[in-house]
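Trainee: The structure is given below, and queries will be raised subsequently.
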Amino acid sequence: MGENTRLAEARRILQEYIKLKGLRNTPERQAVLTAVYTVGTPFTIDSLWEYICDELPVTRVTVYNNLELFFNAGLVIKRPNGSIGMEYEACVQTQTHHNMCCTVCRQLFEFKDPSIATFLGQKKYRKFKMTNCSVMIYGICSKCQAKINREKRKQKNKKQ
Ligand SMILES: [Zn+2]
């Protein structure tokens with residue numbers, strides 16, 4: 001899924017967040033968010049600042065303050081990275097992976113099914129607002145099913 005879809009989703013989340021907090025949406029804030037979701041790699045305050053300044057002159061403090069706000073709004077994650085310092089990364093995902101877990105061999109299989117998120121998104125949960133979802137389906141994988149069937153046939157043949 002493209003960066004533009006993620007940016008659109010991030011804009012929607014930011015809009016909700018600043019409304020909730022009674023903040024203003026400034027062109028600078030929009031520019032920082034757009035940069036976060038188009039730069040395509042993890043970044044530092046300084047590397048993002050340089051990236052934005054090609055488009056719009058903003059101060060380093062503006063970049064820093066907005067990244068802190070985005071962090072609180074769940075739009076970026078941050079982690080210390082040795083000599084580089086604090087590293088940030090865009091974290092809004094528009095495509096969700098679900099998992100199937102084989103209860104026999106414990107192997108995990110990833111799968112995509114957008115209809116699950118659509119279905120769950122329509123439901124109302126008490127005192128909880130769903131922002132994303134990941135479903136785990138338990139069962140038996142095809143390899144284990146084949147193995148079990150072989151064992152069953154063996155047992156059957158012994159009895160005869
Ligand atoms: Zn299995």
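Naming works like this for the structure tokens: A, B, ... for the chains as they're shown, residue 1 at the start of each chain, ligands 1 onward in shown order.
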May I have a table of the residues of chain A lying at most 6 Å from ligand 1, giving each one's closest pair of atoms and their distance in Å to one decimal, counting only C-alpha atoms and all ligand atoms, ordered by chain and ascending residue number, as a tab-separated table?

Mentor:
```
residue	atom	partner	partner_atom_place_in_ligand_line	distance
A:Cys102	CA	ligand 1	1 (Zn)	4.6
A:Val104	CA	ligand 1	1 (Zn)	5.0
A:Cys105	CA	ligand 1	1 (Zn)	4.1
A:Ile140	CA	ligand 1	1 (Zn)	5.4
A:Cys141	CA	ligand 1	1 (Zn)	4.3
A:Lys143	CA	ligand 1	1 (Zn)	5.8
A:Cys144	CA	ligand 1	1 (Zn)	4.3
```

Trainee: Report the residues of region 25-117 of chain A whose backbone DSSP state falls under strand (DSSP E or B), written as an NGL selection string.

Mentor: :A and (43 or 76-81 or 85-90 or 98-102 or 108-111)

Trainee: The selected residues should be written to file as a CSV table (one decimal), in the first residue's frame (atoms: N, CA and C atoms).

Mentor:
```
chain,number,residue,atom,x,y,z
A,43,PHE,N,14.2,8.5,10.7
A,43,PHE,CA,14.9,9.8,10.5
A,43,PHE,C,15.2,10.4,11.9
A,76,VAL,N,4.0,8.7,15.2
A,76,VAL,CA,5.4,8.2,15.1
A,76,VAL,C,5.8,7.4,16.3
A,77,ILE,N,6.8,6.6,16.1
A,77,ILE,CA,7.5,5.9,17.2
A,77,ILE,C,8.9,6.5,17.3
A,78,LYS,N,9.5,6.5,18.5
A,78,LYS,CA,10.9,7.0,18.6
A,78,LYS,C,11.7,6.0,19.4
A,79,ARG,N,13.0,5.9,19.1
A,79,ARG,CA,13.9,5.0,19.9
A,79,ARG,C,15.3,5.6,19.8
A,80,PRO,N,16.0,5.5,20.9
A,80,PRO,CA,17.4,5.9,20.9
A,80,PRO,C,18.2,5.1,20.0
A,81,ASN,N,19.1,5.7,19.2
A,81,ASN,CA,20.0,5.0,18.3
A,81,ASN,C,21.4,5.4,18.4
A,85,GLY,N,21.5,9.5,18.0
A,85,GLY,CA,20.5,10.1,18.9
A,85,GLY,C,19.1,9.5,18.8
A,86,MET,N,18.1,10.3,19.0
A,86,MET,CA,16.7,9.8,18.9
A,86,MET,C,16.3,9.6,17.5
A,87,GLU,N,15.8,8.5,17.2
A,87,GLU,CA,15.4,8.2,15.8
A,87,GLU,C,13.9,8.0,15.8
A,88,TYR,N,13.3,8.6,14.8
A,88,TYR,CA,11.8,8.5,14.7
A,88,TYR,C,11.4,7.7,13.4
A,89,GLU,N,10.2,7.2,13.4
A,89,GLU,CA,9.7,6.5,12.2
A,89,GLU,C,8.2,6.6,12.2
A,90,ALA,N,7.6,6.8,11.0
A,90,ALA,CA,6.2,6.8,10.8
A,90,ALA,C,5.6,5.5,11.2
A,98,HIS,N,-3.0,-10.5,9.5
A,98,HIS,CA,-3.5,-11.4,10.5
A,98,HIS,C,-2.7,-12.6,10.5
A,99,ASN,N,-2.9,-13.4,11.6
A,99,ASN,CA,-2.1,-14.6,11.7
A,99,ASN,C,-2.9,-15.9,11.9
A,100,MET,N,-2.4,-17.0,11.3
A,100,MET,CA,-3.0,-18.3,11.6
A,100,MET,C,-1.9,-19.1,12.4
A,101,CYS,N,-2.3,-19.7,13.5
A,101,CYS,CA,-1.4,-20.4,14.3
A,101,CYS,C,-1.8,-21.9,14.3
A,102,CYS,N,-0.8,-22.8,13.8
A,102,CYS,CA,-1.1,-24.2,13.9
A,102,CYS,C,-0.9,-24.7,15.3
A,108,LEU,N,3.4,-20.1,12.6
A,108,LEU,CA,2.6,-18.9,12.3
A,108,LEU,C,2.5,-18.7,10.8
A,109,PHE,N,1.3,-18.4,10.3
A,109,PHE,CA,1.2,-18.1,8.9
A,109,PHE,C,0.5,-16.7,8.8
A,110,GLU,N,1.1,-15.8,8.1
A,110,GLU,CA,0.5,-14.4,7.9
A,110,GLU,C,-0.5,-14.5,6.8
A,111,PHE,N,-1.5,-13.7,6.9
A,111,PHE,CA,-2.5,-13.6,5.8
A,111,PHE,C,-3.1,-12.2,5.9
```

Trainee: Using DSSP on the backbone coordinates, identify the residues of region 58-126 of chain A assigned to helix (DSSP H, G or I); present them as JSON, numbers by chain.

Mentor: {"A": [60, 61, 62, 63, 64, 65, 66, 67, 68, 69, 70, 71, 72, 82, 83, 84, 114, 115, 116, 117, 118, 119, 120, 121]}

Trainee: For Ala35 (chain A), work out the shell of residues within 8 Å, counting only C-alpha atoms and skipping chain neighbours fewer than 5 positions away, then give it as a PyMOL selection string.

Mentor: chain A and resi 48+51-52

Trainee: Identify, on the basis of only C-alpha atoms, every residue whose closest approach to Ala73 (chain A) does not exceed 7 Å; exclude the query and any residue fewer than 4 positions from it along the same chain; express the result as a VMD selection string.

Mentor: chain A and resid 14 17 69

Trainee: Looking at A:Gly74, A:Glu28, A:Tyr138, A:Asn157, which one is nearest to Arg60 (chain A), with distances taken over only C-alpha atoms?

Mentor: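 When distances to Arg60 (chain A) are compared using only C-alpha atoms, the smallest one comes from A:Glu28.
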
Trainee: Let me make sure I understand: among A:Ser134, A:Thr34, A:Gln122, A:Gln160, which one has the smallest atom-to-atom distance to Glu9 (chain A) if we use only C-alpha atoms?

Mentor: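 The answer is A:Thr34, which sits nearest to Glu9 (chain A).
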
Trainee: Which is closest to Thr26 (chain A) among A:Ile45, A:Ile137, A:Val58, A:Ala8, if we use only C-alpha atoms?

Mentor: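 Nearest candidate to Thr26 (chain A) out of A:Ile45, A:Ile137, A:Val58, A:Ala8: A:Val58.
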
Trainee: Which residues are near Leu120 (chain A)? Cut-off 10 Å, only C-alpha atoms, ignore same chain within fewer than 3 positions. Put them as an NGL selection string.

Mentor: :A and (115-117 or 123-125 or 130 or 132-133)

Trainee: Would you mind exporting N, CA and C atoms of the selected residues as a PDB file, in the first residue's frame?

Mentor:
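Result file again.pdb:
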```pdb
ATOM      1  N   SER A 115     -11.473  -7.573   4.728  1.00  0.00           N
ATOM      2  CA  SER A 115     -12.873  -7.635   5.173  1.00  0.00           C
ATOM      3  C   SER A 115     -12.975  -7.827   6.689  1.00  0.00           C
ATOM      4  N   ILE A 116     -11.927  -8.367   7.325  1.00  0.00           N
ATOM      5  CA  ILE A 116     -11.949  -8.553   8.788  1.00  0.00           C
ATOM      6  C   ILE A 116     -11.962  -7.192   9.485  1.00  0.00           C
ATOM      7  N   ALA A 117     -11.058  -6.289   9.046  1.00  0.00           N
ATOM      8  CA  ALA A 117     -10.991  -4.946   9.641  1.00  0.00           C
ATOM      9  C   ALA A 117     -12.279  -4.173   9.364  1.00  0.00           C
ATOM     10  N   LYS A 123     -18.345  -2.589  14.344  1.00  0.00           N
ATOM     11  CA  LYS A 123     -18.868  -2.971  15.656  1.00  0.00           C
ATOM     12  C   LYS A 123     -18.560  -1.900  16.704  1.00  0.00           C
ATOM     13  N   LYS A 124     -19.404  -1.824  17.716  1.00  0.00           N
ATOM     14  CA  LYS A 124     -19.185  -0.863  18.808  1.00  0.00           C
ATOM     15  C   LYS A 124     -18.770  -1.645  20.062  1.00  0.00           C
ATOM     16  N   TYR A 125     -17.637  -1.234  20.623  1.00  0.00           N
ATOM     17  CA  TYR A 125     -17.173  -1.893  21.839  1.00  0.00           C
ATOM     18  C   TYR A 125     -17.299  -0.937  22.999  1.00  0.00           C
ATOM     19  N   MET A 130     -11.758   1.136  18.667  1.00  0.00           N
ATOM     20  CA  MET A 130     -10.793   0.362  17.883  1.00  0.00           C
ATOM     21  C   MET A 130     -10.070   1.268  16.890  1.00  0.00           C
ATOM     22  N   ASN A 132      -7.140  -0.206  15.220  1.00  0.00           N
ATOM     23  CA  ASN A 132      -6.519  -1.192  14.346  1.00  0.00           C
ATOM     24  C   ASN A 132      -6.879  -2.567  14.891  1.00  0.00           C
ATOM     25  N   CYS A 133      -6.647  -3.600  14.128  1.00  0.00           N
ATOM     26  CA  CYS A 133      -6.931  -4.921  14.670  1.00  0.00           C
ATOM     27  C   CYS A 133      -6.019  -5.968  14.049  1.00  0.00           C
TER      28      CYS A 133
END
```

Trainee: Ranking A:Gln93, A:Gln30, A:Thr131, A:Asn149 by minimum distance to Leu67 (chain A) and counting only C-alpha atoms, which one comes first?

Mentor: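 Smallest distance to Leu67 (chain A) is found for A:Gln30.
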
Trainee: Between CA of Thr96 (chain A) and CA of Thr5 (chain A), what is the distance in Å, rounded to a tenth?

Mentor: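 Interatomic distance, CA of Thr96 (chain A) to CA of Thr5 (chain A): 13.2 Å.
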
Trainee: For CA of Leu75 (chain A) and CA of Gly121 (chain A), quote the distance in Å rounded to one decimal.

Mentor: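 One can read the CA of Leu75 (chain A) to CA of Gly121 (chain A) distance as 19.6 Å.
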
Trainee: Would you mind reading off the distance between CA of Arg150 (chain A) and CA of Arg106 (chain A), one decimal, in Å?

Mentor: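 That distance, rounded to one decimal, is 19.5 Å.
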